[in-house]
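Okay, work.cif now, which holds mmCIF, C-alpha atoms:
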data_target
#
loop_
_atom_site.group_PDB
_atom_site.id
_atom_site.type_symbol
_atom_site.label_atom_id
_atom_site.label_comp_id
_atom_site.auth_asym_id
_atom_site.auth_seq_id
_atom_site.Cartn_x
_atom_site.Cartn_y
_atom_site.Cartn_z
ATOM 1 C CA MET V 17 0.000 0.000 0.000
ATOM 2 C CA ARG V 18 0.951 3.645 -0.452
ATOM 3 C CA ILE V 19 0.686 5.909 2.589
ATOM 4 C CA GLY V 20 1.024 9.666 2.153
ATOM 5 C CA LEU V 21 2.196 11.960 4.943
ATOM 6 C CA ILE V 22 0.894 15.518 4.547
ATOM 7 C CA THR V 23 3.415 17.327 6.719
ATOM 8 C CA PRO V 24 6.485 19.568 6.554
ATOM 9 C CA GLU V 25 8.085 17.393 9.264
ATOM 10 C CA PRO V 26 8.118 13.700 8.230
ATOM 11 C CA GLY V 27 10.908 13.181 10.764
ATOM 12 C CA HIS V 28 8.585 13.922 13.696
ATOM 13 C CA PRO V 29 9.108 11.046 16.175
ATOM 14 C CA LEU V 30 5.543 9.733 15.892
ATOM 15 C CA LEU V 31 5.558 9.773 12.080
ATOM 16 C CA ALA V 32 9.115 8.486 11.817
ATOM 17 C CA GLY V 33 8.297 5.604 14.155
ATOM 18 C CA ALA V 34 5.188 4.662 12.178
ATOM 19 C CA THR V 35 7.098 4.960 8.892
ATOM 20 C CA GLY V 36 9.763 2.574 10.142
ATOM 21 C CA LEU V 37 7.083 0.029 10.975
ATOM 22 C CA LEU V 38 5.301 0.398 7.639
ATOM 23 C CA THR V 39 8.371 0.050 5.422
ATOM 24 C CA PRO V 40 9.643 -1.896 3.522
ATOM 25 C CA GLY V 41 6.318 -3.748 3.226
ATOM 26 C CA HIS V 42 4.524 -0.543 2.218
ATOM 27 C CA ARG V 43 5.503 2.677 0.486
ATOM 28 C CA VAL V 44 5.438 5.844 2.583
ATOM 29 C CA GLU V 45 5.626 9.200 0.782
ATOM 30 C CA ALA V 46 6.041 12.603 2.439
ATOM 31 C CA LEU V 47 4.181 15.555 0.907
ATOM 32 C CA ASP V 48 5.400 18.964 2.049
ATOM 33 C CA PRO V 49 2.460 21.411 1.870
ATOM 34 C CA ARG V 50 4.894 24.331 1.788
ATOM 35 C CA SER V 51 6.012 23.385 -1.728
ATOM 36 C CA LEU V 52 3.057 21.446 -3.204
ATOM 37 C CA THR V 53 -0.142 22.932 -4.560
ATOM 38 C CA GLU V 54 -1.613 19.609 -5.719
ATOM 39 C CA LEU V 55 -1.094 15.908 -5.177
ATOM 40 C CA PRO V 56 1.740 14.432 -7.261
ATOM 41 C CA GLY V 57 0.367 11.582 -9.349
ATOM 42 C CA PRO V 58 -2.527 9.263 -8.475
ATOM 43 C CA PRO V 59 -3.812 9.320 -4.894
ATOM 44 C CA ALA V 60 -2.298 7.108 -2.230
ATOM 45 C CA ASP V 61 -4.315 4.479 -0.375
ATOM 46 C CA VAL V 62 -4.465 6.695 2.729
ATOM 47 C CA TYR V 63 -3.087 10.039 3.895
ATOM 48 C CA LEU V 64 -2.028 11.084 7.394
ATOM 49 C CA LEU V 65 -2.698 14.813 7.837
ATOM 50 C CA LYS V 66 -0.095 16.048 10.352
ATOM 51 C CA SER V 67 -0.410 19.752 9.563
ATOM 52 C CA ARG V 68 -3.123 22.379 10.003
ATOM 53 C CA THR V 69 -2.026 25.053 7.538
ATOM 54 C CA PRO V 70 -4.305 26.142 4.669
ATOM 55 C CA PRO V 71 -2.036 24.494 2.023
ATOM 56 C CA ALA V 72 -2.076 21.222 3.982
ATOM 57 C CA LEU V 73 -5.869 21.324 4.294
ATOM 58 C CA ALA V 74 -6.115 22.007 0.551
ATOM 59 C CA LEU V 75 -4.048 18.895 -0.231
ATOM 60 C CA ALA V 76 -6.204 16.861 2.150
ATOM 61 C CA ARG V 77 -9.412 18.082 0.509
ATOM 62 C CA GLU V 78 -8.043 17.183 -2.918
ATOM 63 C CA ALA V 79 -7.250 13.673 -1.681
ATOM 64 C CA GLU V 80 -10.774 13.349 -0.304
ATOM 65 C CA ARG V 81 -12.290 14.522 -3.592
ATOM 66 C CA LEU V 82 -10.332 11.769 -5.317
ATOM 67 C CA GLY V 83 -11.768 9.188 -2.909
ATOM 68 C CA ALA V 84 -8.748 8.638 -0.662
ATOM 69 C CA PRO V 85 -9.258 8.411 3.115
ATOM 70 C CA VAL V 86 -7.491 11.101 5.155
ATOM 71 C CA VAL V 87 -6.617 10.764 8.847
ATOM 72 C CA ASN V 88 -7.944 13.126 10.170
ATOM 73 C CA SER V 89 -10.337 14.532 7.594
ATOM 74 C CA ALA V 90 -9.813 18.107 6.433
ATOM 75 C CA SER V 91 -13.158 19.202 7.918
ATOM 76 C CA ALA V 92 -12.437 17.662 11.335
ATOM 77 C CA THR V 93 -8.972 19.226 11.384
ATOM 78 C CA ALA V 94 -10.332 22.660 10.467
ATOM 79 C CA LEU V 95 -13.051 22.381 13.097
ATOM 80 C CA CYS V 96 -10.494 21.910 15.869
ATOM 81 C CA GLN V 97 -8.853 25.206 14.903
ATOM 82 C CA ASP V 98 -12.008 27.207 15.639
ATOM 83 C CA ARG V 99 -12.611 27.258 19.382
ATOM 84 C CA THR V 100 -16.127 28.659 18.951
ATOM 85 C CA ALA V 101 -17.233 25.890 16.603
ATOM 86 C CA MET V 102 -15.459 23.355 18.823
ATOM 87 C CA ALA V 103 -17.371 24.467 21.920
ATOM 88 C CA THR V 104 -20.695 24.583 20.057
ATOM 89 C CA LEU V 105 -20.346 21.002 18.844
ATOM 90 C CA ALA V 106 -19.026 19.655 22.168
ATOM 91 C CA LEU V 107 -21.683 21.285 24.333
ATOM 92 C CA GLY V 108 -24.416 20.350 21.875
ATOM 93 C CA ALA V 109 -23.320 16.724 22.132
ATOM 94 C CA GLY V 110 -23.436 16.821 25.943
ATOM 95 C CA LEU V 111 -19.667 16.685 26.468
ATOM 96 C CA PRO V 112 -18.341 18.387 29.645
ATOM 97 C CA PHE V 113 -16.744 21.272 27.762
ATOM 98 C CA ALA V 114 -16.033 24.680 29.250
ATOM 99 C CA PRO V 115 -18.802 27.177 28.295
ATOM 100 C CA THR V 116 -17.274 29.499 25.711
ATOM 101 C CA HIS V 117 -18.256 33.027 24.659
ATOM 102 C CA LEU V 118 -17.020 34.716 21.490
ATOM 103 C CA HIS V 119 -15.834 38.338 21.249
ATOM 104 C CA GLY V 120 -14.923 40.015 17.975
ATOM 105 C CA SER V 121 -11.698 41.441 19.364
ATOM 106 C CA LEU V 122 -9.798 41.754 22.612
ATOM 107 C CA ALA V 123 -10.115 45.532 22.403
ATOM 108 C CA GLU V 124 -13.895 45.160 22.189
ATOM 109 C CA LEU V 125 -13.894 42.923 25.264
ATOM 110 C CA ALA V 126 -11.733 45.357 27.244
ATOM 111 C CA ALA V 127 -14.072 48.246 26.370
ATOM 112 C CA GLY V 128 -17.121 46.388 27.705
ATOM 113 C CA ALA V 129 -18.426 45.578 31.157
ATOM 114 C CA PRO V 130 -15.957 44.695 33.935
ATOM 115 C CA LEU V 131 -14.981 41.053 34.248
ATOM 116 C CA PRO V 132 -17.244 39.020 36.555
ATOM 117 C CA GLY V 133 -14.254 37.165 38.017
ATOM 118 C CA PRO V 134 -11.237 35.135 36.927
ATOM 119 C CA VAL V 135 -11.550 34.035 33.285
ATOM 120 C CA VAL V 136 -9.451 32.298 30.676
ATOM 121 C CA ILE V 137 -9.056 34.195 27.407
ATOM 122 C CA LYS V 138 -7.951 32.362 24.273
ATOM 123 C CA SER V 139 -7.522 33.232 20.636
ATOM 124 C CA ARG V 140 -10.572 32.097 18.733
ATOM 125 C CA HIS V 141 -8.380 30.426 16.127
ATOM 126 C CA SER V 142 -6.033 27.812 17.559
ATOM 127 C CA ARG V 143 -2.524 28.048 16.127
ATOM 128 C CA ARG V 144 1.110 28.035 17.198
ATOM 129 C CA GLY V 145 1.846 31.066 19.370
ATOM 130 C CA ASP V 146 -1.804 31.947 19.956
ATOM 131 C CA LEU V 147 -3.133 33.683 23.059
ATOM 132 C CA VAL V 148 -4.043 31.608 26.123
ATOM 133 C CA ALA V 149 -4.076 33.551 29.400
ATOM 134 C CA ARG V 150 -5.779 33.677 32.775
ATOM 135 C CA VAL V 151 -7.145 37.141 33.509
ATOM 136 C CA ASP V 152 -8.108 38.036 37.084
ATOM 137 C CA ASP V 153 -8.798 41.745 36.776
ATOM 138 C CA ASP V 154 -9.487 44.556 34.343
ATOM 139 C CA ALA V 155 -5.932 45.892 34.543
ATOM 140 C CA ARG V 156 -4.599 42.604 33.171
ATOM 141 C CA LEU V 157 -7.318 42.622 30.511
ATOM 142 C CA ARG V 158 -6.361 46.122 29.359
ATOM 143 C CA ALA V 159 -2.695 45.125 29.172
ATOM 144 C CA LEU V 160 -3.548 42.143 26.961
ATOM 145 C CA ALA V 161 -5.807 44.289 24.801
ATOM 146 C CA ALA V 162 -2.945 46.708 24.214
ATOM 147 C CA GLU V 163 -0.794 43.795 23.029
ATOM 148 C CA TRP V 164 -3.468 41.920 21.026
ATOM 149 C CA PRO V 165 -6.054 44.611 20.151
ATOM 150 C CA GLY V 166 -7.605 43.076 17.040
ATOM 151 C CA GLU V 167 -7.422 39.425 18.119
ATOM 152 C CA PRO V 168 -10.780 37.585 18.004
ATOM 153 C CA VAL V 169 -11.055 35.782 21.342
ATOM 154 C CA VAL V 170 -13.188 33.390 23.342
ATOM 155 C CA VAL V 171 -13.749 33.729 27.076
ATOM 156 C CA GLN V 172 -14.248 30.870 29.506
ATOM 157 C CA GLU V 173 -14.922 31.150 33.227
ATOM 158 C CA PHE V 174 -11.895 29.960 35.181
ATOM 159 C CA ALA V 175 -12.655 26.626 36.858
ATOM 160 C CA PRO V 176 -10.804 25.925 40.133
ATOM 161 C CA ASN V 177 -8.539 22.915 39.675
ATOM 162 C CA SER V 178 -5.319 21.343 40.902
ATOM 163 C CA GLY V 179 -3.176 23.169 38.319
ATOM 164 C CA TRP V 180 -2.466 19.941 36.418
ATOM 165 C CA ASP V 181 -3.761 19.123 32.946
ATOM 166 C CA HIS V 182 -4.528 15.540 32.048
ATOM 167 C CA LYS V 183 -3.050 15.182 28.559
ATOM 168 C CA LEU V 184 -5.000 12.400 26.901
ATOM 169 C CA TRP V 185 -4.439 11.214 23.350
ATOM 170 C CA ALA V 186 -6.189 8.673 21.169
ATOM 171 C CA ILE V 187 -5.128 6.771 18.081
ATOM 172 C CA GLY V 188 -8.207 4.884 16.987
ATOM 173 C CA ASP V 189 -9.577 3.271 20.138
ATOM 174 C CA GLN V 190 -6.215 3.229 21.932
ATOM 175 C CA VAL V 191 -5.824 5.925 24.596
ATOM 176 C CA PHE V 192 -2.554 7.293 26.011
ATOM 177 C CA ALA V 193 -2.132 9.597 29.001
ATOM 178 C CA ALA V 194 0.236 11.962 30.788
ATOM 179 C CA LEU V 195 0.143 14.775 33.342
ATOM 180 C CA ARG V 196 1.465 18.275 32.727
ATOM 181 C CA ARG V 197 1.358 21.519 34.662
ATOM 182 C CA SER V 198 -1.228 23.857 33.193
ATOM 183 C CA GLU V 199 0.138 26.547 30.883
ATOM 184 C CA LEU V 200 -1.829 28.950 33.098
ATOM 185 C CA SER V 201 0.236 28.026 36.160
ATOM 186 C CA PRO V 202 2.778 30.626 37.369
ATOM 187 C CA GLY V 203 5.775 28.407 36.630
ATOM 188 C CA GLY V 204 4.712 27.398 33.122
ATOM 189 C CA ARG V 205 3.673 23.974 31.980
ATOM 190 C CA GLY V 206 6.935 22.012 32.064
ATOM 191 C CA PRO V 207 7.406 18.451 30.771
ATOM 192 C CA ASN V 208 4.859 15.667 30.489
ATOM 193 C CA LEU V 209 4.873 13.180 33.374
ATOM 194 C CA PRO V 210 3.931 9.522 32.873
ATOM 195 C CA LEU V 211 0.376 8.530 33.757
ATOM 196 C CA ALA V 212 -0.931 4.976 33.480
ATOM 197 C CA LEU V 213 -4.442 4.523 32.108
ATOM 198 C CA ALA V 214 -5.296 2.567 35.252
ATOM 199 C CA ASP V 215 -4.648 5.744 37.254
ATOM 200 C CA LEU V 216 -7.213 7.792 35.346
ATOM 201 C CA PRO V 217 -10.522 8.491 37.081
ATOM 202 C CA PRO V 218 -13.242 6.032 36.032
ATOM 203 C CA GLY V 219 -14.832 6.842 32.700
ATOM 204 C CA TRP V 220 -12.232 9.323 31.488
ATOM 205 C CA ALA V 221 -10.805 7.042 28.774
ATOM 206 C CA ASP V 222 -14.319 6.424 27.459
ATOM 207 C CA LEU V 223 -14.939 10.186 27.535
ATOM 208 C CA VAL V 224 -11.915 10.653 25.265
ATOM 209 C CA ARG V 225 -13.225 8.023 22.847
ATOM 210 C CA GLY V 226 -16.578 9.799 22.863
ATOM 211 C CA VAL V 227 -14.848 13.009 21.777
ATOM 212 C CA GLY V 228 -13.449 11.162 18.764
ATOM 213 C CA GLU V 229 -16.901 9.917 17.799
ATOM 214 C CA VAL V 230 -18.493 13.369 18.090
ATOM 215 C CA PHE V 231 -15.721 15.181 16.214
ATOM 216 C CA GLY V 232 -15.023 12.474 13.644
ATOM 217 C CA LEU V 233 -11.374 12.244 14.710
ATOM 218 C CA ASP V 234 -9.054 9.240 14.518
ATOM 219 C CA VAL V 235 -5.857 10.770 15.951
ATOM 220 C CA TYR V 236 -6.417 13.517 18.494
ATOM 221 C CA GLY V 237 -5.670 14.985 21.891
ATOM 222 C CA VAL V 238 -8.045 15.995 24.667
ATOM 223 C CA ASP V 239 -6.939 18.228 27.542
ATOM 224 C CA ILE V 240 -8.997 17.624 30.692
ATOM 225 C CA ILE V 241 -8.844 19.221 34.121
ATOM 226 C CA ALA V 242 -10.449 17.915 37.293
ATOM 227 C CA ALA V 243 -12.661 20.884 38.152
ATOM 228 C CA GLY V 244 -13.986 21.305 41.674
ATOM 229 C CA GLU V 245 -14.758 23.803 44.429
ATOM 230 C CA ARG V 246 -11.979 25.783 46.097
ATOM 231 C CA GLU V 247 -11.817 25.515 49.887
ATOM 232 C CA GLY V 248 -8.981 27.691 51.152
ATOM 233 C CA SER V 249 -5.818 26.615 49.357
ATOM 234 C CA GLU V 250 -7.268 23.269 48.239
ATOM 235 C CA VAL V 251 -9.708 22.226 45.509
ATOM 236 C CA ARG V 252 -12.353 19.689 46.431
ATOM 237 C CA GLY V 253 -14.064 17.512 43.867
ATOM 238 C CA GLY V 254 -12.771 16.567 40.477
ATOM 239 C CA ASP V 255 -15.384 16.431 37.718
ATOM 240 C CA PRO V 256 -13.832 16.212 34.233
ATOM 241 C CA LEU V 257 -13.874 19.433 32.236
ATOM 242 C CA ILE V 258 -12.570 19.452 28.662
ATOM 243 C CA VAL V 259 -10.555 22.589 27.957
ATOM 244 C CA ASP V 260 -9.097 21.792 24.530
ATOM 245 C CA ILE V 261 -9.242 19.299 21.646
ATOM 246 C CA ASN V 262 -6.451 18.960 19.089
ATOM 247 C CA ALA V 263 -6.326 17.152 15.763
ATOM 248 C CA PHE V 264 -3.243 14.933 15.258
ATOM 249 C CA PRO V 265 -1.016 16.185 18.110
ATOM 250 C CA GLY V 266 2.559 15.015 18.603
ATOM 251 C CA ILE V 267 1.923 12.221 21.159
ATOM 252 C CA ARG V 268 5.628 12.186 21.941
ATOM 253 C CA GLY V 269 7.177 9.617 24.218
ATOM 254 C CA GLN V 270 4.139 7.356 24.451
ATOM 255 C CA ALA V 271 5.074 3.674 24.176
ATOM 256 C CA GLY V 272 2.972 1.955 21.537
ATOM 257 C CA ALA V 273 1.855 5.135 19.763
ATOM 258 C CA PRO V 274 3.816 4.545 16.499
ATOM 259 C CA GLU V 275 2.515 0.973 16.395
ATOM 260 C CA ALA V 276 -1.061 2.166 16.893
ATOM 261 C CA LEU V 277 -0.668 4.789 14.146
ATOM 262 C CA ALA V 278 0.805 2.303 11.653
ATOM 263 C CA ALA V 279 -2.013 -0.157 12.322
ATOM 264 C CA LEU V 280 -4.647 2.582 11.987
ATOM 265 C CA ALA V 281 -3.203 3.745 8.653
ATOM 266 C CA LEU V 282 -3.434 0.226 7.237
ATOM 267 C CA ARG V 283 -6.991 -0.238 8.513
ATOM 268 C CA ARG V 284 -8.147 3.027 6.986
ATOM 269 C CA ALA V 285 -6.388 2.229 3.704
ATOM 270 C CA ALA V 286 -8.155 -1.121 3.488
ATOM 271 C CA GLY V 287 -11.620 -0.036 4.625
ATOM 272 C CA PRO V 288 -14.357 2.351 3.494
ATOM 273 C CA ARG V 289 -14.090 6.012 4.405
ATOM 274 C CA LEU V 290 -16.550 7.150 7.068
ATOM 275 C CA VAL V 291 -17.756 10.748 7.297
ATOM 276 C CA HIS V 292 -19.352 11.821 10.562
ATOM 277 C CA ARG V 293 -22.393 13.950 9.709
ATOM 278 C CA ALA V 294 -22.001 16.260 12.718
ATOM 279 C CA THR V 295 -18.379 16.888 11.793
ATOM 280 C CA ALA V 296 -19.251 17.748 8.211
ATOM 281 C CA GLU V 297 -21.873 20.245 9.397
ATOM 282 C CA ALA V 298 -19.561 21.737 12.037
ATOM 283 C CA GLY V 299 -16.735 21.922 9.507
ATOM 284 C CA ALA V 300 -18.945 24.018 7.275
ATOM 285 C CA THR V 301 -19.628 26.308 10.240
ATOM 286 C CA ALA V 302 -15.897 26.610 10.941
ATOM 287 C CA ALA V 303 -15.357 27.642 7.332
ATOM 288 C CA HIS V 304 -17.877 30.477 7.778
ATOM 289 C CA PRO V 305 -17.075 32.198 11.115
ATOM 290 C CA ALA V 306 -20.070 34.535 10.842
ATOM 291 C CA ALA V 307 -22.376 31.565 11.220
ATOM 292 C CA ALA V 308 -20.641 30.506 14.443
ATOM 293 C CA ALA V 309 -21.041 33.969 15.922
ATOM 294 C CA ARG V 310 -24.804 33.969 15.492
#
Mind converting the file's structure to structure tokens?
Amino acid sequence: MRIGLITPEPGHPLLAGATGLLTPGHRVEALDPRSLTELPGPPADVYLLKSRTPPALALAREAERLGAPVVNSASATALCQDRTAMATLALGAGLPFAPTHLHGSLAELAAGAPLPGPVVIKSRHSRRGDLVARVDDDARLRALAAEWPGEPVVVQEFAPNSGWDHKLWAIGDQVFAALRRSELSPGGRGPNLPLALADLPPGWADLVRGVGEVFGLDVYGVDIIAAGEREGSEVRGGDPLIVDINAFPGIRGQAGAPEALAALALRRAAGPRLVHRATAEAGATAAHPAAAAR
């Protein structure tokens, strides 16, 4: 079989590990979206979309038009870049996702009513180097607005938690896990720490798989915090709250991840392509931001 990698970084550890497992029995071809405007030659049996740039999405859509399966689909990948569309789909499906409110710009938000309390402000469009910040008062908000005045943002109420993110990833039905300090913590997020699936709270792995079903994702990451009530310096409780969903993250350092990805690529190459209706509809919304703002 021929497996195409739509990525500028075919040497990424996850992709390189899967490639080593797939060859020499199968042919693996890297397609750099920075230099290609169309697919070279006939379509491969399956494509792995490890890039979120417009040129990469264009290559993925071309492959889909030609009937080739793409992991993840272009529409599902685009959806995960729009935090408004992401929240709308997640909350509509009953997932425990942080309520999210859209603002046209950070300057507009700063010029409005005072903040009701601690909030998390994020760029509407997820990308490398985007804005993610905890804001406790209007002075901090004004400072951010001066730095990012025209940035479209979403606002989420800050949920008391332990300060640790549960980094959960899925490749097909296989779930991987780690702990990492929240990027909102004073000391920064630091490295991932090992976390066995058996140490996850009951039901969390199934929650991650449910995210994949709702969003039509095959390879994805879900960031979850254990949200509770603050009592003095401690947080009591621990209900899962999803704070982010990512299409085809790095999943670095997870034993068995390259094997799971190689097996998934072969399954998708051999089987029919499935399109999740909700994802297709939400992807159309993500492509037209005005619809999401209504």
Exercise for review: List every protein, DNA or RNA residue that has an atom no more than 12 Å from (6.8, 11.5, 8.2) in the file's coordinate frame, counting all atoms listed in the file, and report them as JSON, numbers by chain.
Suggested key: {"V": [19, 20, 21, 22, 23, 24, 25, 26, 27, 28, 29, 30, 31, 32, 33, 34, 35, 36, 37, 38, 39, 43, 44, 45, 46, 47, 48, 63, 64, 65, 66, 67, 266, 274, 277, 278]}
Check your understanding: Rounded to one decimal in Å, what is the spacing between atom CA of V:Gly110 and atom CA of V:Leu233?
Key ->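 The value is 17.1 Å.
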Practice item. One decimal, Å: what's the distance from atom CA of V:Thr100 over to atom CA of V:Gly120, could you say? Key: 11.5 Å
Applying 10 Å and all atoms listed in the file, which residues near V:Glu78 remain after dropping the ones on its own chain fewer than 5 positions away? List them as a compact mmCIF listing (two decimals) with C-alpha atoms, in the coordinates of the input.
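Output file selection07.txt is given in full below:
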# COMPACT_ATOMS: atom_id res chain seq x y z
CA THR V 53 -0.14 22.93 -4.56
CA GLU V 54 -1.61 19.61 -5.72
CA LEU V 55 -1.09 15.91 -5.18
CA PRO V 59 -3.81 9.32 -4.89
CA ALA V 72 -2.08 21.22 3.98
CA LEU V 73 -5.87 21.32 4.29
CA GLY V 83 -11.77 9.19 -2.91
CA ALA V 84 -8.75 8.64 -0.66
CA ALA V 90 -9.81 18.11 6.43
Once you add 6 Å to each side, what are the centre and edge lengths of the axis-aligned box holding all listed atoms of stretch 39-45 of chain V? One decimal in Å, as lines of an AutoDock Vina configuration file, if you can.
center_x = 7.1
center_y = 2.7
center_z = 3.0
size_x = 17.1
size_y = 24.9
size_z = 16.9
Proximity of stretch 169-226 of chain V to stretch 125-138 of chain V: per-residue shortest pair, 10 Å limit, only C-alpha atoms, as CSV:
residue,atom,partner,partner_atom,distance
V:Val169,CA,V:Lys138,CA,5.5
V:Val170,CA,V:Lys138,CA,5.4
V:Val171,CA,V:Ile137,CA,4.7
V:Gln172,CA,V:Val136,CA,5.1
V:Glu173,CA,V:Val135,CA,4.4
V:Phe174,CA,V:Val135,CA,4.5
V:Ala175,CA,V:Val135,CA,8.3
V:Pro176,CA,V:Pro134,CA,9.8
V:Leu200,CA,V:Val136,CA,8.7
Point to revise | Residue nearest V:Val259 - candidates V:Glu167, V:Asp181, V:Glu229, V:Asp215, atoms counted: all atoms listed in the file | key: V:Asp181
Check your understanding: Quick one: of V:Arg68, V:Arg158, V:Arg77, V:Arg196, who's nearest to V:Arg143, counting all atoms listed in the file?
Key -> V:Arg68
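Among the candidates V:Ala263, V:Ala149, V:Ala214, V:Met102, the one nearest to V:Ile187 when counting all atoms listed in the file is V:Ala263.
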